[in-house]
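Working notes, beginning with the structure itself.
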Amino acid sequence: STELPVAPTELSAVANNNGFIDLSWIASEGATSYDIYDAGNKIGSSSSISYEDDSLTDYVEHCYEVKAVNSAGASASFSNEACATPLEE
């Protein structure tokens, strides 16, 4: 059986100048992609160790977690939670 990838670590969320939030994290061994969650809802995935949430239309705090996914589609536990509030332009 394929081992589950370990959870991503050091997730950070930073508001950028576009009114969106940039996420980055430390790569997980065994991961082929990462699923991104906002308040527990999956909002996207990334094959790299960063992601821009460009779906934001409000200026309230968003809290994210990331899961590592391996080639079999199995996911690890959640990373730490990271929160940020988009900047109004």
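By convention here, the chains of the structure tokens are called A, B, ... in the order presented, each chain's residues are numbered starting at 1, and ligands are numbered starting at 1 in the order presented.
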
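Residues in contact range of segment 5-17 of chain A, defined as at most 7 Å between only C-alpha atoms, with sequence neighbours fewer than 6 positions away removed, read Leu23, Ser24, Trp25, Ile26, Ala27, Ser28, Glu29, Gly30, Ala31, Val66, Lys67, Ala68, Val69, Asn70, Ser75, Ala76, Ser77, Phe78, Ser79, Asn80, Glu81, Ala82, Cys83, Ala84, Thr85, Pro86 and Leu87 of chain A.
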
Written selection (N, CA, C and O atoms) as an mmCIF file, in the first residue's frame:
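What follows is the written file out_16.cif:
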data_model
loop_
_atom_site.group_PDB
_atom_site.id
_atom_site.type_symbol
_atom_site.label_atom_id
_atom_site.label_comp_id
_atom_site.auth_asym_id
_atom_site.auth_seq_id
_atom_site.Cartn_x
_atom_site.Cartn_y
_atom_site.Cartn_z
ATOM 1 N N LEU A 23 -0.681 31.889 -0.476
ATOM 2 C CA LEU A 23 -0.355 30.826 0.471
ATOM 3 C C LEU A 23 0.952 30.168 0.056
ATOM 4 O O LEU A 23 1.229 30.017 -1.134
ATOM 5 N N SER A 24 1.746 29.781 1.037
ATOM 6 C CA SER A 24 2.942 28.990 0.748
ATOM 7 C C SER A 24 3.190 28.063 1.920
ATOM 8 O O SER A 24 2.724 28.315 3.037
ATOM 9 N N TRP A 25 3.914 26.967 1.646
ATOM 10 C CA TRP A 25 4.139 25.960 2.677
ATOM 11 C C TRP A 25 5.377 25.160 2.321
ATOM 12 O O TRP A 25 5.944 25.297 1.239
ATOM 13 N N ILE A 26 5.803 24.321 3.265
ATOM 14 C CA ILE A 26 6.957 23.452 3.056
ATOM 15 C C ILE A 26 6.472 22.154 2.410
ATOM 16 O O ILE A 26 5.459 21.580 2.826
ATOM 17 N N ALA A 27 7.192 21.691 1.414
ATOM 18 C CA ALA A 27 6.795 20.490 0.678
ATOM 19 C C ALA A 27 6.714 19.273 1.590
ATOM 20 O O ALA A 27 7.452 19.155 2.569
ATOM 21 N N SER A 28 5.804 18.360 1.248
ATOM 22 C CA SER A 28 5.639 17.110 1.975
ATOM 23 C C SER A 28 6.257 15.975 1.176
ATOM 24 O O SER A 28 6.013 15.860 -0.028
ATOM 25 N N GLU A 29 7.012 15.132 1.848
ATOM 26 C CA GLU A 29 7.584 13.972 1.178
ATOM 27 C C GLU A 29 6.459 13.053 0.722
ATOM 28 O O GLU A 29 5.519 12.778 1.468
ATOM 29 N N GLY A 30 6.533 12.608 -0.525
ATOM 30 C CA GLY A 30 5.523 11.699 -1.045
ATOM 31 C C GLY A 30 4.326 12.383 -1.672
ATOM 32 O O GLY A 30 3.447 11.714 -2.212
ATOM 33 N N ALA A 31 4.292 13.707 -1.625
ATOM 34 C CA ALA A 31 3.137 14.421 -2.183
ATOM 35 C C ALA A 31 3.338 14.703 -3.661
ATOM 36 O O ALA A 31 4.439 15.043 -4.092
ATOM 37 N N VAL A 66 -3.942 23.166 4.346
ATOM 38 C CA VAL A 66 -3.532 22.468 3.123
ATOM 39 C C VAL A 66 -3.320 20.995 3.450
ATOM 40 O O VAL A 66 -2.825 20.654 4.525
ATOM 41 N N LYS A 67 -3.725 20.142 2.503
ATOM 42 C CA LYS A 67 -3.472 18.704 2.618
ATOM 43 C C LYS A 67 -2.560 18.278 1.479
ATOM 44 O O LYS A 67 -2.726 18.728 0.339
ATOM 45 N N ALA A 68 -1.624 17.394 1.767
ATOM 46 C CA ALA A 68 -0.785 16.794 0.735
ATOM 47 C C ALA A 68 -1.502 15.584 0.160
ATOM 48 O O ALA A 68 -2.126 14.817 0.895
ATOM 49 N N VAL A 69 -1.418 15.411 -1.157
ATOM 50 C CA VAL A 69 -2.062 14.293 -1.846
ATOM 51 C C VAL A 69 -0.989 13.527 -2.605
ATOM 52 O O VAL A 69 -0.120 14.134 -3.244
ATOM 53 N N ASN A 70 -1.046 12.196 -2.550
ATOM 54 C CA ASN A 70 -0.057 11.416 -3.293
ATOM 55 C C ASN A 70 -0.626 10.933 -4.620
ATOM 56 O O ASN A 70 -1.769 11.238 -4.975
ATOM 57 N N SER A 75 -4.810 11.393 0.847
ATOM 58 C CA SER A 75 -4.334 12.647 1.425
ATOM 59 C C SER A 75 -3.923 12.469 2.872
ATOM 60 O O SER A 75 -4.448 11.610 3.587
ATOM 61 N N ALA A 76 -2.992 13.288 3.267
ATOM 62 C CA ALA A 76 -2.495 13.309 4.639
ATOM 63 C C ALA A 76 -3.425 14.159 5.490
ATOM 64 O O ALA A 76 -4.431 14.684 5.015
ATOM 65 N N SER A 77 -3.065 14.306 6.728
ATOM 66 C CA SER A 77 -3.826 15.187 7.604
ATOM 67 C C SER A 77 -3.555 16.641 7.227
ATOM 68 O O SER A 77 -2.658 16.935 6.439
ATOM 69 N N PHE A 78 -4.340 17.526 7.809
ATOM 70 C CA PHE A 78 -4.201 18.946 7.497
ATOM 71 C C PHE A 78 -2.889 19.527 8.027
ATOM 72 O O PHE A 78 -2.370 19.094 9.055
ATOM 73 N N SER A 79 -2.429 20.540 7.328
ATOM 74 C CA SER A 79 -1.316 21.358 7.817
ATOM 75 C C SER A 79 -1.801 22.202 8.997
ATOM 76 O O SER A 79 -2.963 22.123 9.408
ATOM 77 N N ASN A 80 -0.923 23.034 9.488
ATOM 78 C CA ASN A 80 -1.348 24.072 10.430
ATOM 79 C C ASN A 80 -2.323 25.006 9.718
ATOM 80 O O ASN A 80 -2.394 25.030 8.490
ATOM 81 N N GLU A 81 -3.058 25.784 10.500
ATOM 82 C CA GLU A 81 -3.971 26.761 9.944
ATOM 83 C C GLU A 81 -3.267 28.099 9.836
ATOM 84 O O GLU A 81 -2.505 28.475 10.729
ATOM 85 N N ALA A 82 -3.515 28.797 8.739
ATOM 86 C CA ALA A 82 -2.951 30.145 8.556
ATOM 87 C C ALA A 82 -4.070 31.069 8.105
ATOM 88 O O ALA A 82 -4.851 30.721 7.226
ATOM 89 N N CYS A 83 -4.131 32.250 8.711
ATOM 90 C CA CYS A 83 -5.214 33.196 8.423
ATOM 91 C C CYS A 83 -4.667 34.517 7.898
ATOM 92 O O CYS A 83 -3.574 34.938 8.277
ATOM 93 N N ALA A 84 -5.449 35.139 7.054
ATOM 94 C CA ALA A 84 -5.099 36.472 6.555
ATOM 95 C C ALA A 84 -6.377 37.178 6.136
ATOM 96 O O ALA A 84 -7.385 36.543 5.868
ATOM 97 N N THR A 85 -6.311 38.488 6.072
ATOM 98 C CA THR A 85 -7.431 39.305 5.635
ATOM 99 C C THR A 85 -7.027 40.056 4.379
ATOM 100 O O THR A 85 -5.982 40.715 4.370
ATOM 101 N N PRO A 86 -7.800 39.938 3.280
ATOM 102 C CA PRO A 86 -7.437 40.657 2.051
ATOM 103 C C PRO A 86 -7.381 42.157 2.284
ATOM 104 O O PRO A 86 -8.149 42.707 3.081
ATOM 105 N N LEU A 87 -6.492 42.807 1.550
ATOM 106 C CA LEU A 87 -6.343 44.257 1.644
ATOM 107 C C LEU A 87 -7.267 44.933 0.633
ATOM 108 O O LEU A 87 -7.322 44.529 -0.521
#

Q. Could you pull out all residues of chain A with a DSSP call of strand (DSSP E) and give them as JSON, numbers by chain?
A. {"A": [9, 10, 11, 12, 13, 14, 15, 21, 22, 23, 24, 25, 26, 33, 34, 35, 36, 37, 38, 41, 42, 43, 44, 45, 46, 50, 51, 52, 53, 62, 63, 64, 65, 66, 67, 68, 69, 82, 83, 84]}

(Q) Let me make sure I understand: among A:Cys63, A:Asp58, A:Ala72, A:Gly44, which one has the smallest atom-to-atom distance to Glu89 of chain A if we use only C-alpha atoms? (A) A:Asp58

Q: Tell me, as a PyMOL selection string, which residues lie within 9 Å of Ser48 of chain A, counting only C-alpha atoms; anything in the same chain fewer than 4 positions away does not count.
A: chain A and resi 27+32-34

Q.
Using only C-alpha atoms, can you tell me which of A:Tyr59, A:Glu88, A:Ala39, A:Leu4 comes closest to Asn18 of chain A?
A. A:Glu88

Q: Please indicate the distance in Å from atom CA of Ala74 of chain A to atom CA of Glu52 of chain A, rounded to one decimal place.
A: 23.1 Å

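Atom to atom, atom CA of Gly19 of chain A and atom CA of Asn41 of chain A stand 20.3 Å apart.
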
Q. Atom CA of Glu61 of chain A to atom CA of Phe20 of chain A: how many Å, to one decimal?
A.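 Rounded to one decimal, the two atoms are 11.2 Å apart.
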